[in-house]
Amino acid sequence: MFNKTKFLPDKYAVSARIVPVVLSLLPWLVYFFVKVSLDVSNWWFGPILAISLVIAAEHIGRTFGKKQEAKLFEVWGGMPSVAMLRHRDKRIDSMTKLRYHKFLQESVPNLSVPTPEEEAKQPEFADQGYSAACSWLREQTRDKEKFHLLTEENINYGFRRNIFGLKPFTITLDLLLVALHICLLVLMSIELQWMETVPTSLFESMGISFIALMHLLIVVFIINPGWVRTQAETYAKRLLSSCDELQK
């Protein structure tokens, strides 16, 4: 959210919401910079574009990410922090989990941690309790200085989630830019036979096409559900480990 005192985006907003949008639009931003902003008569275009992008990205980044998050949680079998509290989940060792359960039951109002048998009989009811416990933990760890490692992991997760949410949008824009410059390159190659020198615009189009193609490959092959899940689980483990810090 925007900082109410400074009227500037805070670290989470910049890193987890604005940066993913900027990276998704990177080839197009390069294109506009090369084609428009370098023209002295259009010096005003760059600052206006930057301000508009910051304002829009604050909302766009989170919107796309949240839409995909619900689908990812469904595929993963629930929110990682909730799932890790289940007796049947093995990502946290049983002794550590028992310690977390004991602390949460003693600290969270009206929480009754189920036994393995009760959890097996009523898994949805058990998850409601685990979800309440995780919500309570998030509220208790709002202090960004005291829980700075948790804050960093949350920012990293927000970044990955939001840039993954933008993936279909990013792929579409990259394909459009690649197609546009392929057409331009074909047209310019036809005109070259009547030119004495190679125009600068030819090299510009080749460079932008290469950037857009590399960007597309990174988005397609690196930004995937597994990439997001790795950071989601890292954040979840850090959130649950705050039980030990709060107990101290």
# chains A, B, ... in the order shown; residues from 1 in each chain; ligands from 1
>>> residues_around(residues="region 221-232 of chain A", least_positions_apart="4", cutoff="8 Å", atoms="only C-alpha atoms", output="compact mmCIF listing (two decimals) with N, CA, C and O atoms, in the first residue's frame")
# COMPACT_ATOMS: atom_id res chain seq x y z
N LEU A 72 -3.53 -21.55 -7.75
CA LEU A 72 -2.32 -22.27 -7.31
C LEU A 72 -2.56 -23.00 -5.99
O LEU A 72 -2.18 -24.15 -5.83
N PRO A 80 0.15 -22.95 1.61
CA PRO A 80 1.27 -23.69 2.18
C PRO A 80 1.39 -23.62 3.70
O PRO A 80 1.66 -24.63 4.35
N GLU A 153 10.88 -12.37 2.91
CA GLU A 153 10.33 -13.56 2.24
C GLU A 153 8.94 -13.28 1.68
O GLU A 153 8.57 -13.79 0.62
N ASN A 156 9.46 -11.34 -1.50
CA ASN A 156 9.91 -12.24 -2.57
C ASN A 156 8.77 -13.08 -3.11
O ASN A 156 8.66 -13.30 -4.33
N TYR A 157 7.90 -13.56 -2.19
CA TYR A 157 6.75 -14.34 -2.65
C TYR A 157 5.79 -13.47 -3.46
O TYR A 157 5.30 -13.88 -4.52
N ARG A 160 7.10 -13.00 -7.01
CA ARG A 160 6.95 -14.17 -7.88
C ARG A 160 5.49 -14.43 -8.23
O ARG A 160 5.17 -14.76 -9.37
N ARG A 161 4.63 -14.31 -7.23
CA ARG A 161 3.20 -14.53 -7.48
C ARG A 161 2.66 -13.56 -8.51
O ARG A 161 1.94 -13.95 -9.44
N ILE A 163 4.31 -11.63 -10.77
CA ILE A 163 4.89 -11.72 -12.12
C ILE A 163 4.36 -12.97 -12.83
O ILE A 163 4.21 -13.00 -14.05
N PHE A 164 4.06 -14.03 -12.05
CA PHE A 164 3.44 -15.22 -12.64
C PHE A 164 2.01 -14.91 -13.07
O PHE A 164 1.55 -15.37 -14.13
N LYS A 167 1.85 -13.45 -16.44
CA LYS A 167 2.47 -14.23 -17.50
C LYS A 167 1.67 -14.26 -18.81
O LYS A 167 2.26 -14.01 -19.88
N LEU A 217 11.31 -16.07 -23.84
CA LEU A 217 11.84 -17.37 -23.43
C LEU A 217 11.97 -17.48 -21.91
O LEU A 217 11.66 -18.52 -21.32
N ALA A 236 6.12 -19.59 4.00
CA ALA A 236 5.28 -20.30 4.95
C ALA A 236 6.09 -20.84 6.13
O ALA A 236 5.69 -20.72 7.30
>>> residues_around(residues="Pro20 (chain A)", least_positions_apart="4", cutoff="7 Å", atoms="only C-alpha atoms", output="PyMOL selection string")
chain A and resi 16+24+61+159+162-163
>>> write_last_selection(atoms="all heavy atoms", output="CSV table (one decimal), in the first residue's frame")
chain,number,residue,atom,x,y,z
A,16,ALA,N,7.1,-6.0,-5.0
A,16,ALA,CA,6.2,-7.0,-5.2
A,16,ALA,C,5.1,-6.7,-6.2
A,16,ALA,O,4.4,-7.6,-6.8
A,16,ALA,CB,5.5,-7.5,-3.9
A,24,SER,N,7.4,-7.1,-16.8
A,24,SER,CA,6.6,-7.7,-17.8
A,24,SER,C,6.5,-6.8,-19.1
A,24,SER,O,6.4,-7.3,-20.2
A,24,SER,CB,5.1,-7.8,-17.3
A,24,SER,OG,5.1,-8.8,-16.2
A,61,GLY,N,-0.5,-5.1,-10.6
A,61,GLY,CA,0.4,-6.2,-10.2
A,61,GLY,C,-0.3,-7.1,-9.2
A,61,GLY,O,-0.3,-8.3,-9.3
A,159,PHE,N,6.4,-10.9,-5.2
A,159,PHE,CA,7.0,-10.6,-6.5
A,159,PHE,C,6.8,-11.8,-7.5
A,159,PHE,O,6.3,-11.6,-8.6
A,159,PHE,CB,8.5,-10.4,-6.4
A,159,PHE,CG,9.3,-10.4,-7.7
A,159,PHE,CD1,9.3,-9.2,-8.5
A,159,PHE,CD2,10.0,-11.5,-8.1
A,159,PHE,CE1,10.0,-9.2,-9.7
A,159,PHE,CE2,10.7,-11.5,-9.3
A,159,PHE,CZ,10.7,-10.4,-10.1
A,162,ASN,N,3.0,-12.3,-8.4
A,162,ASN,CA,2.4,-11.3,-9.2
A,162,ASN,C,3.0,-11.3,-10.7
A,162,ASN,O,2.3,-11.1,-11.6
A,162,ASN,CB,2.7,-9.9,-8.6
A,162,ASN,CG,1.9,-9.7,-7.4
A,162,ASN,OD1,0.9,-10.4,-7.1
A,162,ASN,ND2,2.2,-8.7,-6.6
A,163,ILE,N,4.3,-11.6,-10.8
A,163,ILE,CA,4.9,-11.7,-12.1
A,163,ILE,C,4.4,-13.0,-12.8
A,163,ILE,O,4.2,-13.0,-14.0
A,163,ILE,CB,6.4,-11.7,-12.1
A,163,ILE,CG1,7.0,-11.2,-13.4
A,163,ILE,CG2,7.0,-13.0,-11.7
A,163,ILE,CD1,8.4,-10.9,-13.4
>>> residues_around(residues="His87 (chain A)", least_positions_apart="3", cutoff="8 Å", atoms="only C-alpha atoms", output="PyMOL selection string")
chain A and resi 84+90+94+115-116+119
>>> residues_around(residues="Val30 (chain A)", least_positions_apart="2", cutoff="12 Å", atoms="only C-alpha atoms", output="list in words")
Val22, Leu23, Ser24, Leu25, Leu26, Pro27, Trp28, Phe32, Phe33, Val34, Lys35, Val36, Ser37, Leu38, Gly46, Leu177, Glu204, Ser205, Gly207, Ile208, Ser209, Phe210, Ile211, Ala212 and His215 of chain A
>>> closest_residue(among="A:Arg62, A:Lys67, A:Lys237, A:His181", to="Arg91 (chain A)", atoms="only C-alpha atoms")
A:Lys237
>>> residues_around(residues="Leu216 (chain A)", least_positions_apart="5", cutoff="8 Å", atoms="only C-alpha atoms", output="MDAnalysis selection string")
chainID A and resid 170:171 174:175
>>> select_by_dssp(residues="region 6-217 of chain A", states="helix (DSSP H, G or I)", output="number ranges by chain")
A: 11-24, 26-37, 40-42, 45-76, 80-84, 94-107, 116-121, 123-140, 148-165, 167-194, 200-217
>>> closest_residue(among="A:Leu185, A:Gln247, A:Gly165, A:Arg238", to="Glu69 (chain A)", atoms="only C-alpha atoms")
A:Gly165
>>> residues_around(residues="Trp136 (chain A)", least_positions_apart="6", cutoff="10 Å", atoms="only C-alpha atoms", output="list in words")
Leu104, Ser107, Val108, Pro109 and Tyr130 of chain A
>>> residues_around(residues="Ser112 (chain A)", least_positions_apart="5", cutoff="10 Å", atoms="only C-alpha atoms", output="PDB file with all heavy atoms, in the first residue's frame")
ATOM      1  N   HIS A 101       2.166 -26.305  17.268  1.00  0.00           N
ATOM      2  CA  HIS A 101       0.782 -26.575  17.665  1.00  0.00           C
ATOM      3  C   HIS A 101       0.533 -26.164  19.117  1.00  0.00           C
ATOM      4  O   HIS A 101      -0.491 -25.556  19.436  1.00  0.00           O
ATOM      5  CB  HIS A 101       0.479 -28.066  17.496  1.00  0.00           C
ATOM      6  CG  HIS A 101       0.217 -28.473  16.083  1.00  0.00           C
ATOM      7  ND1 HIS A 101       0.023 -29.784  15.698  1.00  0.00           N
ATOM      8  CD2 HIS A 101       0.118 -27.740  14.935  1.00  0.00           C
ATOM      9  CE1 HIS A 101      -0.182 -29.841  14.399  1.00  0.00           C
ATOM     10  NE2 HIS A 101      -0.123 -28.617  13.912  1.00  0.00           N
ATOM     11  N   LYS A 102       1.461 -26.496  19.976  1.00  0.00           N
ATOM     12  CA  LYS A 102       1.309 -26.198  21.398  1.00  0.00           C
ATOM     13  C   LYS A 102       1.259 -24.695  21.635  1.00  0.00           C
ATOM     14  O   LYS A 102       0.392 -24.188  22.359  1.00  0.00           O
ATOM     15  CB  LYS A 102       2.473 -26.807  22.188  1.00  0.00           C
ATOM     16  CG  LYS A 102       2.376 -26.643  23.706  1.00  0.00           C
ATOM     17  CD  LYS A 102       3.517 -27.381  24.388  1.00  0.00           C
ATOM     18  CE  LYS A 102       3.402 -27.292  25.910  1.00  0.00           C
ATOM     19  NZ  LYS A 102       3.523 -25.891  26.402  1.00  0.00           N
ATOM     20  N   LEU A 104       0.486 -22.293  19.428  1.00  0.00           N
ATOM     21  CA  LEU A 104      -0.704 -21.701  18.811  1.00  0.00           C
ATOM     22  C   LEU A 104      -1.954 -21.992  19.624  1.00  0.00           C
ATOM     23  O   LEU A 104      -2.814 -21.129  19.783  1.00  0.00           O
ATOM     24  CB  LEU A 104      -0.846 -22.214  17.372  1.00  0.00           C
ATOM     25  CG  LEU A 104       0.228 -21.733  16.385  1.00  0.00           C
ATOM     26  CD1 LEU A 104       0.127 -22.486  15.069  1.00  0.00           C
ATOM     27  CD2 LEU A 104       0.111 -20.229  16.149  1.00  0.00           C
ATOM     28  N   GLN A 105      -2.065 -23.186  20.135  1.00  0.00           N
ATOM     29  CA  GLN A 105      -3.249 -23.534  20.930  1.00  0.00           C
ATOM     30  C   GLN A 105      -3.307 -22.695  22.211  1.00  0.00           C
ATOM     31  O   GLN A 105      -4.389 -22.319  22.664  1.00  0.00           O
ATOM     32  CB  GLN A 105      -3.252 -25.021  21.278  1.00  0.00           C
ATOM     33  CG  GLN A 105      -4.471 -25.453  22.089  1.00  0.00           C
ATOM     34  CD  GLN A 105      -4.782 -26.915  21.917  1.00  0.00           C
ATOM     35  OE1 GLN A 105      -5.113 -27.361  20.819  1.00  0.00           O
ATOM     36  NE2 GLN A 105      -4.662 -27.671  22.991  1.00  0.00           N
ATOM     37  N   GLU A 106      -2.146 -22.400  22.769  1.00  0.00           N
ATOM     38  CA  GLU A 106      -2.094 -21.602  23.992  1.00  0.00           C
ATOM     39  C   GLU A 106      -2.273 -20.111  23.719  1.00  0.00           C
ATOM     40  O   GLU A 106      -2.668 -19.363  24.616  1.00  0.00           O
ATOM     41  CB  GLU A 106      -0.756 -21.825  24.695  1.00  0.00           C
ATOM     42  CG  GLU A 106      -0.572 -23.229  25.246  1.00  0.00           C
ATOM     43  CD  GLU A 106       0.826 -23.460  25.798  1.00  0.00           C
ATOM     44  OE1 GLU A 106       1.694 -22.575  25.573  1.00  0.00           O
ATOM     45  OE2 GLU A 106       1.053 -24.501  26.439  1.00  0.00           O
ATOM     46  N   ALA A 126     -10.529 -28.856  10.373  1.00  0.00           N
ATOM     47  CA  ALA A 126      -9.163 -28.696  10.883  1.00  0.00           C
ATOM     48  C   ALA A 126      -8.455 -27.555  10.162  1.00  0.00           C
ATOM     49  O   ALA A 126      -7.763 -26.741  10.788  1.00  0.00           O
ATOM     50  CB  ALA A 126      -8.388 -29.992  10.714  1.00  0.00           C
ATOM     51  N   GLY A 129      -9.249 -24.113  11.454  1.00  0.00           N
ATOM     52  CA  GLY A 129      -8.470 -23.758  12.633  1.00  0.00           C
ATOM     53  C   GLY A 129      -7.054 -23.367  12.283  1.00  0.00           C
ATOM     54  O   GLY A 129      -6.516 -22.374  12.803  1.00  0.00           O
ATOM     55  N   TYR A 130      -6.420 -24.112  11.384  1.00  0.00           N
ATOM     56  CA  TYR A 130      -5.063 -23.796  10.963  1.00  0.00           C
ATOM     57  C   TYR A 130      -5.011 -22.438  10.250  1.00  0.00           C
ATOM     58  O   TYR A 130      -4.067 -21.669  10.420  1.00  0.00           O
ATOM     59  CB  TYR A 130      -4.525 -24.883  10.030  1.00  0.00           C
ATOM     60  CG  TYR A 130      -4.401 -26.244  10.667  1.00  0.00           C
ATOM     61  CD1 TYR A 130      -4.635 -27.413   9.928  1.00  0.00           C
ATOM     62  CD2 TYR A 130      -4.043 -26.393  12.011  1.00  0.00           C
ATOM     63  CE1 TYR A 130      -4.511 -28.674  10.501  1.00  0.00           C
ATOM     64  CE2 TYR A 130      -3.922 -27.647  12.590  1.00  0.00           C
ATOM     65  CZ  TYR A 130      -4.164 -28.782  11.834  1.00  0.00           C
ATOM     66  OH  TYR A 130      -4.049 -30.030  12.409  1.00  0.00           O
ATOM     67  N   ALA A 133      -5.152 -19.755  12.765  1.00  0.00           N
ATOM     68  CA  ALA A 133      -3.856 -19.646  13.436  1.00  0.00           C
ATOM     69  C   ALA A 133      -2.858 -18.859  12.581  1.00  0.00           C
ATOM     70  O   ALA A 133      -2.113 -18.010  13.091  1.00  0.00           O
ATOM     71  CB  ALA A 133      -3.315 -21.035  13.738  1.00  0.00           C
TER      72      ALA A 133
END
>>> decode(residues="region 116-207 of chain A", atoms="C-alpha atoms", output="PDB file, in the first residue's frame")
ATOM      1  CA  PRO A 116      -4.304 -36.696  13.802  1.00  0.00           C
ATOM      2  CA  GLU A 117      -7.470 -38.788  14.070  1.00  0.00           C
ATOM      3  CA  GLU A 118      -9.747 -35.727  14.337  1.00  0.00           C
ATOM      4  CA  GLU A 119      -7.956 -34.088  11.417  1.00  0.00           C
ATOM      5  CA  ALA A 120      -8.466 -37.195   9.268  1.00  0.00           C
ATOM      6  CA  LYS A 121     -12.197 -37.294  10.080  1.00  0.00           C
ATOM      7  CA  GLN A 122     -12.825 -33.567   9.545  1.00  0.00           C
ATOM      8  CA  PRO A 123     -10.043 -32.173   7.325  1.00  0.00           C
ATOM      9  CA  GLU A 124     -11.961 -29.053   6.293  1.00  0.00           C
ATOM     10  CA  PHE A 125     -12.807 -28.152   9.893  1.00  0.00           C
ATOM     11  CA  ALA A 126      -9.163 -28.696  10.883  1.00  0.00           C
ATOM     12  CA  ASP A 127      -8.009 -26.409   8.059  1.00  0.00           C
ATOM     13  CA  GLN A 128     -10.310 -23.669   9.332  1.00  0.00           C
ATOM     14  CA  GLY A 129      -8.470 -23.758  12.633  1.00  0.00           C
ATOM     15  CA  TYR A 130      -5.063 -23.796  10.963  1.00  0.00           C
ATOM     16  CA  SER A 131      -6.119 -20.886   8.741  1.00  0.00           C
ATOM     17  CA  ALA A 132      -7.207 -18.890  11.796  1.00  0.00           C
ATOM     18  CA  ALA A 133      -3.856 -19.646  13.436  1.00  0.00           C
ATOM     19  CA  CYS A 134      -1.944 -18.418  10.363  1.00  0.00           C
ATOM     20  CA  SER A 135      -4.042 -15.245  10.207  1.00  0.00           C
ATOM     21  CA  TRP A 136      -3.256 -14.623  13.863  1.00  0.00           C
ATOM     22  CA  LEU A 137       0.453 -15.148  13.182  1.00  0.00           C
ATOM     23  CA  ARG A 138       0.436 -12.649  10.325  1.00  0.00           C
ATOM     24  CA  GLU A 139      -1.132 -10.038  12.584  1.00  0.00           C
ATOM     25  CA  GLN A 140       1.433 -10.670  15.323  1.00  0.00           C
ATOM     26  CA  THR A 141       4.354 -10.289  12.917  1.00  0.00           C
ATOM     27  CA  ARG A 142       3.494  -6.910  11.344  1.00  0.00           C
ATOM     28  CA  ASP A 143       6.592  -5.298  12.860  1.00  0.00           C
ATOM     29  CA  LYS A 144       8.844  -5.130   9.795  1.00  0.00           C
ATOM     30  CA  GLU A 145      12.008  -4.427  11.754  1.00  0.00           C
ATOM     31  CA  LYS A 146      11.579  -7.173  14.336  1.00  0.00           C
ATOM     32  CA  PHE A 147      10.477  -9.699  11.701  1.00  0.00           C
ATOM     33  CA  HIS A 148      12.583  -8.377   8.839  1.00  0.00           C
ATOM     34  CA  LEU A 149      13.428 -11.826   7.458  1.00  0.00           C
ATOM     35  CA  LEU A 150       9.743 -12.708   7.279  1.00  0.00           C
ATOM     36  CA  THR A 151       9.059  -9.386   5.570  1.00  0.00           C
ATOM     37  CA  GLU A 152      11.730 -10.094   2.950  1.00  0.00           C
ATOM     38  CA  GLU A 153      10.332 -13.557   2.237  1.00  0.00           C
ATOM     39  CA  ASN A 154       6.853 -12.089   1.915  1.00  0.00           C
ATOM     40  CA  ILE A 155       8.126  -9.517  -0.590  1.00  0.00           C
ATOM     41  CA  ASN A 156       9.911 -12.241  -2.565  1.00  0.00           C
ATOM     42  CA  TYR A 157       6.752 -14.343  -2.648  1.00  0.00           C
ATOM     43  CA  GLY A 158       4.613 -11.363  -3.692  1.00  0.00           C
ATOM     44  CA  PHE A 159       7.041 -10.612  -6.526  1.00  0.00           C
ATOM     45  CA  ARG A 160       6.954 -14.172  -7.883  1.00  0.00           C
ATOM     46  CA  ARG A 161       3.203 -14.534  -7.481  1.00  0.00           C
ATOM     47  CA  ASN A 162       2.440 -11.274  -9.247  1.00  0.00           C
ATOM     48  CA  ILE A 163       4.885 -11.719 -12.117  1.00  0.00           C
ATOM     49  CA  PHE A 164       3.444 -15.217 -12.641  1.00  0.00           C
ATOM     50  CA  GLY A 165      -0.055 -13.742 -12.640  1.00  0.00           C
ATOM     51  CA  LEU A 166       1.033 -11.386 -15.408  1.00  0.00           C
ATOM     52  CA  LYS A 167       2.474 -14.235 -17.499  1.00  0.00           C
ATOM     53  CA  PRO A 168      -0.368 -14.571 -20.099  1.00  0.00           C
ATOM     54  CA  PHE A 169      -0.418 -10.790 -20.520  1.00  0.00           C
ATOM     55  CA  THR A 170       3.382 -10.681 -20.869  1.00  0.00           C
ATOM     56  CA  ILE A 171       3.536 -13.502 -23.436  1.00  0.00           C
ATOM     57  CA  THR A 172       0.876 -11.807 -25.566  1.00  0.00           C
ATOM     58  CA  LEU A 173       2.734  -8.490 -25.564  1.00  0.00           C
ATOM     59  CA  ASP A 174       6.067 -10.148 -26.351  1.00  0.00           C
ATOM     60  CA  LEU A 175       4.598 -12.063 -29.280  1.00  0.00           C
ATOM     61  CA  LEU A 176       3.034  -8.882 -30.645  1.00  0.00           C
ATOM     62  CA  LEU A 177       6.340  -7.019 -30.417  1.00  0.00           C
ATOM     63  CA  VAL A 178       8.309  -9.858 -32.032  1.00  0.00           C
ATOM     64  CA  ALA A 179       5.750 -10.146 -34.839  1.00  0.00           C
ATOM     65  CA  LEU A 180       5.771  -6.373 -35.380  1.00  0.00           C
ATOM     66  CA  HIS A 181       9.528  -6.203 -35.753  1.00  0.00           C
ATOM     67  CA  ILE A 182       9.764  -9.291 -37.912  1.00  0.00           C
ATOM     68  CA  CYS A 183       7.380  -7.575 -40.327  1.00  0.00           C
ATOM     69  CA  LEU A 184       9.468  -4.394 -40.157  1.00  0.00           C
ATOM     70  CA  LEU A 185      12.682  -6.338 -40.775  1.00  0.00           C
ATOM     71  CA  VAL A 186      11.169  -8.058 -43.806  1.00  0.00           C
ATOM     72  CA  LEU A 187      10.021  -4.730 -45.261  1.00  0.00           C
ATOM     73  CA  MET A 188      13.385  -3.065 -44.609  1.00  0.00           C
ATOM     74  CA  SER A 189      15.298  -5.984 -46.124  1.00  0.00           C
ATOM     75  CA  ILE A 190      13.261  -5.547 -49.304  1.00  0.00           C
ATOM     76  CA  GLU A 191      14.080  -1.828 -49.400  1.00  0.00           C
ATOM     77  CA  LEU A 192      17.805  -2.389 -48.744  1.00  0.00           C
ATOM     78  CA  GLN A 193      18.481  -3.209 -52.397  1.00  0.00           C
ATOM     79  CA  TRP A 194      17.696   0.425 -53.301  1.00  0.00           C
ATOM     80  CA  MET A 195      19.703   1.927 -50.425  1.00  0.00           C
ATOM     81  CA  GLU A 196      23.396   2.763 -50.403  1.00  0.00           C
ATOM     82  CA  THR A 197      23.784   2.438 -46.601  1.00  0.00           C
ATOM     83  CA  VAL A 198      22.146   0.279 -43.965  1.00  0.00           C
ATOM     84  CA  PRO A 199      19.615   2.394 -41.988  1.00  0.00           C
ATOM     85  CA  THR A 200      19.987   2.686 -38.211  1.00  0.00           C
ATOM     86  CA  SER A 201      16.355   1.620 -37.815  1.00  0.00           C
ATOM     87  CA  LEU A 202      17.310  -1.847 -39.089  1.00  0.00           C
ATOM     88  CA  PHE A 203      19.717  -2.390 -36.187  1.00  0.00           C
ATOM     89  CA  GLU A 204      17.187  -0.945 -33.762  1.00  0.00           C
ATOM     90  CA  SER A 205      14.529  -3.415 -34.915  1.00  0.00           C
ATOM     91  CA  MET A 206      16.983  -6.318 -34.713  1.00  0.00           C
ATOM     92  CA  GLY A 207      17.967  -5.339 -31.176  1.00  0.00           C
TER      93      GLY A 207
END
